[in-house]
Every structure is written in C-alpha cells, then in structure tokens.
>>> print(open('upload.tsv').read())   # TSV, C-alpha atoms
chain	number	residue	atom	x	y	z
M	1	MET	CA	22.49	-42.90	51.96
M	2	SER	CA	21.67	-39.55	53.39
M	3	LYS	CA	25.36	-38.61	53.28
M	4	GLU	CA	25.57	-39.60	49.61
M	5	ALA	CA	22.37	-37.74	48.87
M	6	LYS	CA	23.78	-34.65	50.57
M	7	LYS	CA	26.94	-34.93	48.43
M	8	MET	CA	24.87	-35.18	45.28
M	9	ASN	CA	22.84	-32.19	46.32
M	10	THR	CA	25.99	-30.16	46.80
M	11	TYR	CA	27.24	-31.08	43.32
M	12	ILE	CA	23.87	-30.31	41.76
M	13	LYS	CA	23.76	-27.01	43.62
M	14	TYR	CA	27.24	-26.11	42.40
M	15	THR	CA	26.36	-27.09	38.81
M	16	ALA	CA	23.26	-24.91	39.01
M	17	PHE	CA	25.38	-22.07	40.38
M	18	LEU	CA	27.88	-22.46	37.51
M	19	ALA	CA	25.03	-22.50	34.99
M	20	ALA	CA	23.61	-19.32	36.51
M	21	VAL	CA	27.04	-17.64	36.40
M	22	LEU	CA	27.46	-18.67	32.74
M	23	LEU	CA	24.01	-17.35	31.92
M	24	VAL	CA	24.60	-13.99	33.62
M	25	SER	CA	28.11	-13.70	32.12
M	26	GLY	CA	26.72	-14.51	28.65
M	27	ALA	CA	23.98	-11.92	29.05
M	28	LEU	CA	26.48	-9.29	30.20
M	29	GLY	CA	28.82	-10.16	27.33
M	30	ALA	CA	25.96	-9.90	24.84
M	31	ALA	CA	24.91	-6.56	26.35
M	32	ALA	CA	28.47	-5.26	26.06
M	33	ALA	CA	28.69	-6.44	22.44
M	34	TYR	CA	25.37	-4.74	21.65
M	35	PHE	CA	26.70	-1.63	23.34
M	36	LYS	CA	29.70	-1.70	21.00
M	37	VAL	CA	27.77	-2.54	17.82
M	38	GLU	CA	25.29	0.26	18.47
M	39	ASN	CA	28.21	2.58	19.13
M	40	TRP	CA	26.89	3.58	22.55
M	41	ASP	CA	30.43	3.25	23.86
M	42	SER	CA	31.12	6.62	22.24
M	43	VAL	CA	29.39	8.08	25.34
M	44	PHE	CA	32.44	6.99	27.36
M	45	VAL	CA	34.80	8.50	24.79
M	46	VAL	CA	32.92	11.79	24.99
M	47	LEU	CA	32.84	11.64	28.79
M	48	ALA	CA	36.56	10.86	29.00
M	49	GLY	CA	37.27	13.76	26.62
M	50	LEU	CA	35.17	16.09	28.77
M	51	ILE	CA	37.01	15.05	31.93
M	52	ARG	CA	40.36	15.31	30.15
M	53	ARG	CA	39.70	18.89	29.01
M	54	ASN	CA	38.60	19.95	32.50
M	55	MET	CA	41.03	17.85	34.50
M	56	ALA	CA	42.56	20.74	36.45
M	57	LEU	CA	39.18	22.18	37.39
M	58	ILE	CA	37.72	18.79	38.40
M	59	LEU	CA	40.78	18.01	40.53
M	60	LEU	CA	40.63	21.45	42.12
M	61	VAL	CA	36.96	21.05	43.08
M	62	LEU	CA	37.56	17.48	44.29
M	63	SER	CA	40.53	18.59	46.40
M	64	ALA	CA	38.60	21.52	47.88
M	65	ILE	CA	35.65	19.29	48.85
M	66	CYS	CA	37.84	16.55	50.34
M	67	ILE	CA	40.14	18.92	52.22
M	68	THR	CA	37.18	20.81	53.73
M	69	TYR	CA	35.40	17.60	54.69
M	70	GLN	CA	38.50	15.99	56.18
M	71	GLU	CA	39.41	19.12	58.16
M	72	VAL	CA	35.89	19.14	59.64
M	73	ILE	CA	36.26	15.44	60.49
M	74	LEU	CA	39.63	16.00	62.15
M	75	HIS	CA	38.32	19.00	64.08
M	76	ARG	CA	35.39	16.91	65.40
M	77	MET	CA	37.70	14.03	66.23
M	78	LYS	CA	39.95	16.34	68.26
M	79	LYS	CA	36.91	17.65	70.12
M	80	ILE	CA	35.61	14.15	70.88
M	81	GLY	CA	39.13	12.96	71.73
M	82	ALA	CA	39.46	15.68	74.37
M	83	GLU	CA	36.22	14.52	76.04
M	84	ILE	CA	37.01	10.79	75.99
M	85	PRO	CA	39.48	10.56	78.95
M	86	GLY	CA	36.90	11.86	81.43
M	87	ALA	CA	33.92	9.99	80.02
M	88	GLU	CA	32.47	6.93	81.71
M	89	ASP	CA	30.03	4.14	80.90
M	90	ALA	CA	27.34	5.04	78.36
M	91	GLU	CA	28.78	8.49	77.67
M	92	GLY	CA	32.22	7.00	77.03
M	93	ASP	CA	30.72	4.37	74.73
M	94	ARG	CA	28.84	7.05	72.80
M	95	LEU	CA	31.93	9.22	72.36
M	96	GLU	CA	34.12	6.29	71.34
M	97	PHE	CA	31.53	5.16	68.81
M	98	GLU	CA	31.37	8.70	67.37
M	99	MET	CA	35.16	8.76	67.21
M	100	GLU	CA	35.12	5.47	65.30
M	101	GLN	CA	32.47	6.78	62.91
M	102	MET	CA	34.41	9.99	62.26
M	103	GLY	CA	37.63	8.06	61.74
M	104	SER	CA	35.99	5.71	59.26
M	105	ALA	CA	34.38	8.59	57.35
M	106	GLY	CA	37.74	10.38	57.14
M	107	THR	CA	39.60	7.26	56.03
M	108	ILE	CA	37.02	6.50	53.34
M	109	SER	CA	37.11	10.12	52.15
M	110	SER	CA	40.91	10.13	52.03
M	111	ASN	CA	41.04	6.93	49.99
M	112	LEU	CA	38.12	7.97	47.79
M	113	PHE	CA	39.97	11.19	46.95
M	114	SER	CA	43.08	9.22	45.95
M	115	VAL	CA	41.09	6.83	43.77
M	116	LEU	CA	39.00	9.54	42.06
M	117	SER	CA	42.07	11.73	41.49
M	118	ILE	CA	43.90	8.84	39.83
M	119	LEU	CA	40.86	8.09	37.65
M	120	VAL	CA	40.55	11.75	36.59
M	121	LEU	CA	44.28	12.05	35.94
M	122	CYS	CA	44.28	8.82	33.92
M	123	THR	CA	42.13	10.41	31.24
M	124	GLY	CA	45.02	12.71	30.29
M	125	TYR	CA	47.95	10.58	31.41
M	126	SER	CA	48.89	9.40	27.93
M	127	MET	CA	51.83	10.33	25.70
M	128	GLU	CA	49.56	10.00	22.68
M	129	TYR	CA	47.42	12.80	24.08
M	130	ILE	CA	50.20	14.94	25.60
M	131	ILE	CA	52.22	15.12	22.34
M	132	ASP	CA	49.30	16.65	20.43
M	133	LEU	CA	48.62	19.36	23.04
M	134	GLY	CA	49.05	23.06	22.36
M	135	LYS	CA	50.94	25.41	24.68
M	136	LYS	CA	47.79	26.52	26.54
M	137	GLU	CA	46.52	22.98	27.08
M	138	ASN	CA	49.97	21.95	28.29
M	139	VAL	CA	49.81	24.58	31.03
M	140	TRP	CA	46.41	23.21	32.16
M	141	LEU	CA	47.73	19.65	32.11
M	142	LEU	CA	50.71	20.72	34.22
M	143	ALA	CA	48.33	22.51	36.60
M	144	ALA	CA	46.30	19.28	36.93
M	145	PHE	CA	49.44	17.33	37.85
M	146	VAL	CA	50.43	19.96	40.42
M	147	ILE	CA	46.95	19.90	42.01
M	148	PHE	CA	47.07	16.10	42.07
M	149	LEU	CA	50.45	16.13	43.79
M	150	ILE	CA	49.36	18.74	46.36
M	151	GLY	CA	46.20	16.69	47.08
M	152	THR	CA	48.20	13.48	47.44
M	153	VAL	CA	50.73	15.13	49.79
M	154	TYR	CA	47.83	16.56	51.83
M	155	GLN	CA	46.30	13.08	52.17
M	156	GLY	CA	49.61	11.75	53.50
M	157	TYR	CA	49.78	14.51	56.12
M	158	TRP	CA	46.09	14.10	56.94
M	159	GLN	CA	46.58	10.40	57.68
M	160	MET	CA	49.48	11.24	60.02
M	161	ARG	CA	47.38	13.86	61.81
M	162	TYR	CA	44.54	11.34	62.05
M	163	VAL	CA	46.79	8.78	63.73
M	164	LYS	CA	48.17	11.39	66.12
M	165	THR	CA	44.64	12.55	67.01
M	166	ILE	CA	43.71	8.98	67.95
M	167	GLN	CA	46.95	8.57	69.88
M	168	ARG	CA	46.18	11.73	71.85
M	169	ALA	CA	42.76	10.34	72.81
M	170	TYR	CA	44.16	6.85	73.48
M	171	PRO	CA	47.79	7.23	74.62
M	172	GLU	CA	48.19	3.45	74.80
M	173	LYS	CA	47.99	3.28	71.00
M	174	LYS	CA	51.52	3.02	69.65
M	175	GLY	CA	53.09	3.30	66.22
M	176	ASP	CA	54.91	5.86	64.13
M	177	PRO	CA	52.78	6.60	61.04
M	178	THR	CA	55.93	7.16	58.96
M	179	SER	CA	57.31	3.76	59.88
M	180	ARG	CA	56.97	0.77	57.55
M	181	ARG	CA	56.08	-1.32	60.60
M	182	PHE	CA	53.28	1.05	61.63
M	183	GLN	CA	50.41	-1.44	61.13
M	184	GLU	CA	52.30	-4.07	63.13
M	185	GLU	CA	53.09	-1.65	65.98
M	186	TRP	CA	49.50	-0.41	66.01
M	187	LEU	CA	48.04	-3.92	66.18
M	188	LYS	CA	50.44	-4.82	68.97
M	189	SER	CA	49.16	-1.91	71.05
M	190	CYS	CA	45.52	-2.98	70.64
M	191	ASP	CA	43.89	-5.17	73.27
M	192	GLU	CA	42.11	-8.45	72.52
M	193	ALA	CA	38.66	-6.93	71.93
M	194	GLU	CA	40.07	-4.31	69.55
M	195	ARG	CA	42.04	-6.99	67.69
M	196	ASP	CA	38.87	-9.04	67.40
M	197	VAL	CA	37.21	-6.10	65.62
M	198	ILE	CA	40.23	-5.67	63.31
M	199	TYR	CA	40.37	-9.39	62.47
M	200	GLN	CA	36.65	-9.53	61.75
M	201	GLY	CA	36.89	-6.43	59.53
M	202	ALA	CA	39.90	-7.86	57.70
M	203	TYR	CA	38.16	-11.18	57.09
M	204	LYS	CA	35.06	-9.40	55.81
M	205	ALA	CA	37.26	-7.40	53.43
M	206	TYR	CA	38.93	-10.64	52.25
M	207	ARG	CA	35.55	-12.23	51.61
M	208	GLY	CA	34.26	-9.17	49.75
M	209	ILE	CA	37.36	-8.84	47.57
M	210	SER	CA	37.38	-12.59	46.87
M	211	LYS	CA	33.97	-12.15	45.26
M	212	LEU	CA	34.85	-8.90	43.51
M	213	LEU	CA	38.14	-9.93	41.87
M	214	PRO	CA	36.79	-12.72	39.60
M	215	ALA	CA	34.03	-10.34	38.47
M	216	LEU	CA	36.59	-7.60	37.77
M	217	ALA	CA	38.79	-10.04	35.84
M	218	PHE	CA	35.75	-10.94	33.73
M	219	VAL	CA	34.93	-7.27	33.09
M	220	ALA	CA	38.57	-6.55	32.16
M	221	MET	CA	38.55	-9.52	29.73
M	222	ILE	CA	35.31	-8.41	28.08
M	223	ALA	CA	36.64	-4.84	27.81
M	224	HIS	CA	39.81	-6.14	26.18
M	225	LEU	CA	37.83	-8.37	23.81
M	226	LEU	CA	35.53	-5.60	22.62
M	227	TRP	CA	37.50	-2.37	23.07
M	228	ASP	CA	41.07	-3.64	22.97
M	229	THR	CA	41.82	-2.06	26.35
M	230	GLY	CA	44.98	-4.18	26.66
M	231	ILE	CA	45.82	-7.13	28.84
M	232	MET	CA	47.34	-4.95	31.58
M	233	ALA	CA	44.05	-4.59	33.47
M	234	VAL	CA	43.47	-8.37	33.35
M	235	VAL	CA	47.05	-9.05	34.48
M	236	MET	CA	46.79	-6.56	37.37
M	237	VAL	CA	43.50	-7.96	38.65
M	238	CYS	CA	44.81	-11.53	38.37
M	239	ILE	CA	48.03	-10.61	40.25
M	240	ILE	CA	46.03	-9.04	43.10
M	241	TRP	CA	43.75	-12.09	43.13
M	242	ILE	CA	46.53	-14.67	43.40
M	243	VAL	CA	48.66	-12.60	45.81
M	244	MET	CA	45.69	-12.17	48.13
M	245	VAL	CA	44.90	-15.90	48.14
M	246	ILE	CA	48.58	-16.82	48.70
M	247	ILE	CA	48.94	-14.34	51.60
M	248	TYR	CA	45.74	-15.62	53.23
M	249	SER	CA	46.58	-19.32	52.81
M	250	ARG	CA	50.21	-18.82	53.90
M	251	SER	CA	49.10	-16.92	57.02
M	252	CYS	CA	46.70	-19.75	57.92
M	253	VAL	CA	49.45	-22.38	57.51
M	254	ILE	CA	51.94	-20.32	59.58
M	255	LYS	CA	49.35	-19.82	62.32
M	256	LYS	CA	48.52	-23.54	62.32
M	257	SER	CA	52.20	-24.52	62.51
M	258	GLN	CA	52.63	-22.18	65.50
M	259	GLN	CA	49.69	-23.87	67.21
M	260	ILE	CA	51.05	-27.43	66.86
M	261	LYS	CA	54.62	-26.59	67.97
H	1	MET	CA	25.01	-14.56	74.88
H	2	PRO	CA	25.28	-17.56	77.22
H	3	LEU	CA	28.05	-15.87	79.23
H	4	GLU	CA	26.71	-13.71	82.02
H	5	ASN	CA	28.82	-11.54	84.26
H	6	ARG	CA	28.75	-9.42	87.38
H	7	LEU	CA	31.82	-7.38	86.57
H	8	LYS	CA	30.00	-4.06	87.01
H	9	GLU	CA	28.96	-5.00	90.53
H	10	HIS	CA	32.49	-6.04	91.49
H	11	ARG	CA	33.92	-2.88	89.96
H	12	ALA	CA	31.42	-0.76	91.90
H	13	ARG	CA	32.43	-2.61	95.08
H	14	LEU	CA	36.04	-1.66	94.46
H	15	GLY	CA	35.01	1.94	93.73
H	16	ILE	CA	36.95	2.22	90.50
H	17	ASN	CA	35.82	3.39	87.10
H	18	GLN	CA	36.01	1.52	83.78
H	19	ALA	CA	39.14	3.35	82.68
H	20	ASP	CA	41.00	2.44	85.90
H	21	MET	CA	39.92	-1.16	85.69
H	22	GLY	CA	41.01	-1.22	82.04
H	23	LYS	CA	44.42	0.16	83.02
H	24	MET	CA	44.81	-2.45	85.76
H	25	ALA	CA	43.88	-5.27	83.39
H	26	GLY	CA	45.90	-3.87	80.48
H	27	VAL	CA	42.91	-3.29	78.21
H	28	SER	CA	40.92	-0.27	77.05
H	29	ARG	CA	37.96	1.26	78.88
H	30	GLN	CA	35.78	0.23	75.97
H	31	THR	CA	36.71	-3.43	76.38
H	32	ILE	CA	35.65	-3.31	80.05
H	33	SER	CA	32.40	-1.70	78.94
H	34	LEU	CA	31.86	-4.39	76.27
H	35	ILE	CA	32.41	-7.15	78.83
H	36	GLU	CA	30.07	-5.52	81.35
H	37	ARG	CA	27.35	-5.24	78.73
H	38	GLY	CA	27.88	-8.86	77.73
H	39	ASP	CA	28.84	-7.89	74.17
H	40	TYR	CA	32.30	-9.42	74.38
H	41	SER	CA	33.47	-12.69	75.92
H	42	PRO	CA	36.98	-12.18	77.30
H	43	SER	CA	39.83	-14.64	76.90
H	44	VAL	CA	40.68	-16.90	79.84
H	45	THR	CA	43.76	-14.76	80.53
H	46	LEU	CA	41.72	-11.57	80.74
H	47	ALA	CA	39.01	-13.25	82.83
H	48	LEU	CA	41.67	-14.42	85.30
H	49	LYS	CA	43.21	-10.94	85.40
H	50	LEU	CA	39.81	-9.38	86.12
H	51	ALA	CA	39.13	-11.94	88.84
H	52	ARG	CA	42.48	-11.14	90.44
H	53	ILE	CA	41.76	-7.39	90.35
H	54	CYS	CA	38.37	-7.96	91.97
H	55	GLN	CA	39.92	-10.45	94.42
H	56	VAL	CA	37.33	-13.10	93.64
H	57	THR	CA	37.25	-16.27	91.52
H	58	VAL	CA	36.43	-16.23	87.81
H	59	GLU	CA	33.17	-18.03	88.58
H	60	ASP	CA	32.17	-15.20	90.92
H	61	ILE	CA	32.29	-12.81	87.95
H	62	PHE	CA	31.36	-15.00	85.00
H	63	SER	CA	28.72	-17.67	84.73
H	64	TYR	CA	27.66	-19.81	81.80
H	65	ASN	CA	23.94	-20.06	81.15
H	66	GLU	CA	23.14	-22.81	78.68
H	67	GLU	CA	19.53	-21.69	78.33
H	68	ASP	CA	20.69	-18.48	76.67
H	69	GLU	CA	22.54	-20.41	73.97
H	70	THR	CA	20.69	-20.37	70.69
>>> encode(input="upload.tsv", output="structure tokens")
Amino acid sequence: MSKEAKKMNTYIKYTAFLAAVLLVSGALGAAAAYFKVENWDSVFVVLAGLIRRNMALILLVLSAICITYQEVILHRMKKIGAEIPGAEDAEGDRLEFEMEQMGSAGTISSNLFSVLSILVLCTGYSMEYIIDLGKKENVWLLAAFVIFLIGTVYQGYWQMRYVKTIQRAYPEKKGDPTSRRFQEEWLKSCDEAERDVIYQGAYKAYRGISKLLPALAFVAMIAHLLWDTGIMAVVMVCIIWIVMVIIYSRSCVIKKSQQIK
Amino acid sequence: MPLENRLKEHRARLGINQADMGKMAGVSRQTISLIERGDYSPSVTLALKLARICQVTVEDIFSYNEEDET
C-alpha cells in the first residue's frame, strides 16, 4: 500500500510541477505579449541601434578591459606557478587554490569576451543593414570587424599561454593546446583526484544546461511568435539540447558495456 | 568522512615531502594533501601503492570508522 501511495504521490507531485510550469510559462507569455502590445519592445530596437552605431568603440573598450584583466591574471598565475614547486602542506594548498581561482577567472573572462563580442557584432552583422550604410559608417563597421578579429586571435593565444603556464607549474600535465586531442591528452595526464573534480564539474554543467535549454527553447519560441525572430534560434537550441542528451546517454551506455565485458 | 588515515605520520616517518610521495605514487602533491586531510578517499589501487611506499599494510594507513558515517 505504502509503495502504491508513494507512486501516487510522485504522479501528483509531477502533475503539480507541470501545472506550475504552465502557470509560469503562461504568465511570462502574457507579459511578453503585453510588452509587445504596449510597444515597450522598441527599447530593444533603440538599444540595438545604439550598440550598432558604436560597435567599434564598444568592442575596443571591451577588448582593452579583457586584455588588461587577462594579462594581470596570467602574470599572477606565473608568479604563483613559480612558487608552487617548493611549497609544502598548507602553503602548497593555498597556492594551488589561488592558481585554480586565477585560472577559472581567466577562463570565464576569455569566454565572456567571446560571447559579448559576438553579441555586439551581431547587431550590425546583417546585409540589410550593411547595404544601406554610407562610406563613413562602412569604415567604422570594418574597424569593428578588425577589432573583433584581433580580440578573437588574442583569446586563442591567451588560452595557449594559460595552458603553458599551468604546464610549467605542473610539468606532469600533458597536451598540446593546438591539438584536436588536447582535452583527451590533458585528462589522461590528470590523477584520480583531479579527474574526480573534472567529472563532478562536468556533471554539474550537464545538470545546469539540462535545465537551461528547455527554458531557452521556450524563450526562443515566444520571441518568434511575437517578434518573428525566425525559427533558427529555436532550431539551434533544440539541436544543442538533443545532441547533449545523446552524448550523455551514449557515454553512459559505452561505459556500462565496458564494465560488463 | 568515515575513512580515517595516518598517511601524514607514515610520510613523516619516511622523511619525504608531499611532492615526493606524490611522485612515487604517480599522483599530484595536492592529491596527497587531500588524502592526508581526509578530503579525498583514494581508490584501492592508490591506497595499495601508498601502503607499498610506506612499507606497511593498507589497514595501517587507512581505517574505516562507522560512527563517522552520517
């Protein structure tokens, strides 16, 4: 009886969860529709126009901030890395933790720069817009693309320098950052405790993205419904969603089959 | 953690530092530190390797305390 009651409870709980999701989704949809009817969405049009007109300047400032920050990070990492080989016990733990913090801050900054740059560039990355530009605006648009490319190339080099800095501090860490098998080689050179940290982080990322993707798909659908943003965003989110689930499930099956052989 | 260990004592007896012990066991210094602090339970393979380095049995280094299990 108790088992059956438990089963019922689970179903009721899930139904309540679905009802709550429907309620929240409905409210968000209604809010978005109100937003459109009241023409508040023009704020985004104005904002996008503002970013588009100042693309080169925004990218320049963004690049300057990120490059400065990441150079400081790398400098501190080199300094900590030089102290690590001689450090013992608590001092070693402190330095290695600082190294980890610095590395994470640099990696987040590097990826944040890439994402923000793409978002800024997107505002002017349209033939409809480019065709109507005058000579002067064309020069600024070209400048924005050049700054974007320089920033992107810098990020690539920064990531290589970051890997090499870690490899100098921990010579046992292997992997050529230009190689396509870099992640594999890196993981192979990690010991069991380090792998445990990587696996836990990866699973946490999987769980987080699993929750985010359905929400993003919903947002993309609402945006397409109200602002005709196109189905591309919905398609992209859905592709990432299904690919992620397939990779995860396939990996689990492969691992299981290796265990029973 | 229900797993207690005396790795630090055995390492001190051998007169080697964490980095050297890590090298001998094929793991990082930080992993040795994590085990000594009780923040990481090593695999059986690593536990056996550590026991061999210290020239004792695994039970001499690691002990399981059920009372600590929550």
>>> interface_residues(input="upload.tsv", of="chain H", to="chain M", cutoff="12 Å", atoms="all atoms listed in the file", output="PyMOL selection string")
chain H and resi 8+16-23+25-37+39-47
>>> residues_around(input="upload.tsv", residues="Leu3 of chain H", least_positions_apart="5", cutoff="7 Å", atoms="all atoms listed in the file", output="PyMOL selection string")
chain H and resi 62-65
>>> closest_residue(input="upload.tsv", among="M:Arg53, M:Gln159, M:Leu18, M:Ala233", to="Ile130 of chain M", atoms="all atoms listed in the file")
M:Arg53
>>> closest_residue(input="upload.tsv", among="M:Thr165, M:Gln259, M:Ser210, M:Ser249", to="Gly81 of chain M", atoms="all atoms listed in the file")
M:Thr165
>>> atom_distance(input="upload.tsv", atom1="atom CA of Gly124 of chain M", atom2="atom CA of Leu141 of chain M")
7.7 Å
>>> atom_distance(input="upload.tsv", atom1="atom CA of Gly208 of chain M", atom2="atom CA of Ile247 of chain M")
15.7 Å
>>> residues_around(input="upload.tsv", residues="Pro214 of chain M", least_positions_apart="2", cutoff="12 Å", atoms="all atoms listed in the file", output="ChimeraX atom specification")
/M:21,25,208-212,216-221,234,236-242
>>> atom_distance(input="upload.tsv", atom1="atom CA of Thr152 of chain M", atom2="atom CA of Ser117 of chain M")
8.7 Å
>>> axis_aligned_box(input="upload.tsv", around="segment 40-52 of chain H", padding_each_side="8 Å", output="AutoDock Vina command-line options")
--center_x 38.0 --center_y -13.1 --center_z 82.4 --size_x 27.5 --size_y 23.5 --size_z 32.1
>>> decode(input="upload.tsv", residues="segment 80-98 of chain M", atoms="N, CA and C atoms", output="short mmCIF file (atom, residue, chain, number, x, y, z; two decimals), in the first residue's frame")
data_model
loop_
_atom_site.label_atom_id
_atom_site.label_comp_id
_atom_site.auth_asym_id
_atom_site.auth_seq_id
_atom_site.Cartn_x
_atom_site.Cartn_y
_atom_site.Cartn_z
N ILE M 80 52.55 32.70 -9.09
CA ILE M 80 52.14 31.61 -8.19
C ILE M 80 52.78 30.30 -8.66
N GLY M 81 52.77 30.09 -9.98
CA GLY M 81 53.32 28.86 -10.56
C GLY M 81 54.79 28.67 -10.21
N ALA M 82 55.53 29.79 -10.13
CA ALA M 82 56.96 29.70 -9.78
C ALA M 82 57.16 29.31 -8.32
N GLU M 83 56.18 29.64 -7.48
CA GLU M 83 56.30 29.32 -6.04
C GLU M 83 55.83 27.91 -5.71
N ILE M 84 54.96 27.35 -6.56
CA ILE M 84 54.34 26.05 -6.26
C ILE M 84 55.35 24.90 -6.06
N PRO M 85 56.34 24.71 -6.94
CA PRO M 85 57.23 23.53 -6.76
C PRO M 85 57.89 23.43 -5.38
N GLY M 86 58.19 24.54 -4.74
CA GLY M 86 58.85 24.49 -3.44
C GLY M 86 57.90 24.50 -2.27
N ALA M 87 56.61 24.68 -2.54
CA ALA M 87 55.65 24.83 -1.44
C ALA M 87 55.17 23.48 -0.91
N GLU M 88 54.96 23.44 0.38
CA GLU M 88 54.53 22.21 1.04
C GLU M 88 53.25 22.43 1.84
N ASP M 89 52.58 21.36 2.16
CA ASP M 89 51.40 21.33 3.02
C ASP M 89 50.44 22.50 2.81
N ALA M 90 50.16 23.22 3.90
CA ALA M 90 49.14 24.27 3.83
C ALA M 90 49.50 25.36 2.83
N GLU M 91 50.78 25.71 2.76
CA GLU M 91 51.21 26.76 1.83
C GLU M 91 51.00 26.30 0.38
N GLY M 92 51.33 25.05 0.12
CA GLY M 92 51.11 24.48 -1.21
C GLY M 92 49.63 24.46 -1.57
N ASP M 93 48.81 24.07 -0.61
CA ASP M 93 47.35 24.03 -0.84
C ASP M 93 46.82 25.43 -1.15
N ARG M 94 47.33 26.41 -0.39
CA ARG M 94 46.87 27.80 -0.60
C ARG M 94 47.24 28.28 -2.00
N LEU M 95 48.49 28.03 -2.39
CA LEU M 95 48.96 28.48 -3.70
C LEU M 95 48.20 27.77 -4.83
N GLU M 96 47.99 26.48 -4.66
CA GLU M 96 47.28 25.73 -5.71
C GLU M 96 45.82 26.17 -5.82
N PHE M 97 45.24 26.52 -4.70
CA PHE M 97 43.86 27.02 -4.72
C PHE M 97 43.81 28.37 -5.44
N GLU M 98 44.79 29.23 -5.13
CA GLU M 98 44.85 30.55 -5.79
C GLU M 98 45.05 30.39 -7.29
#
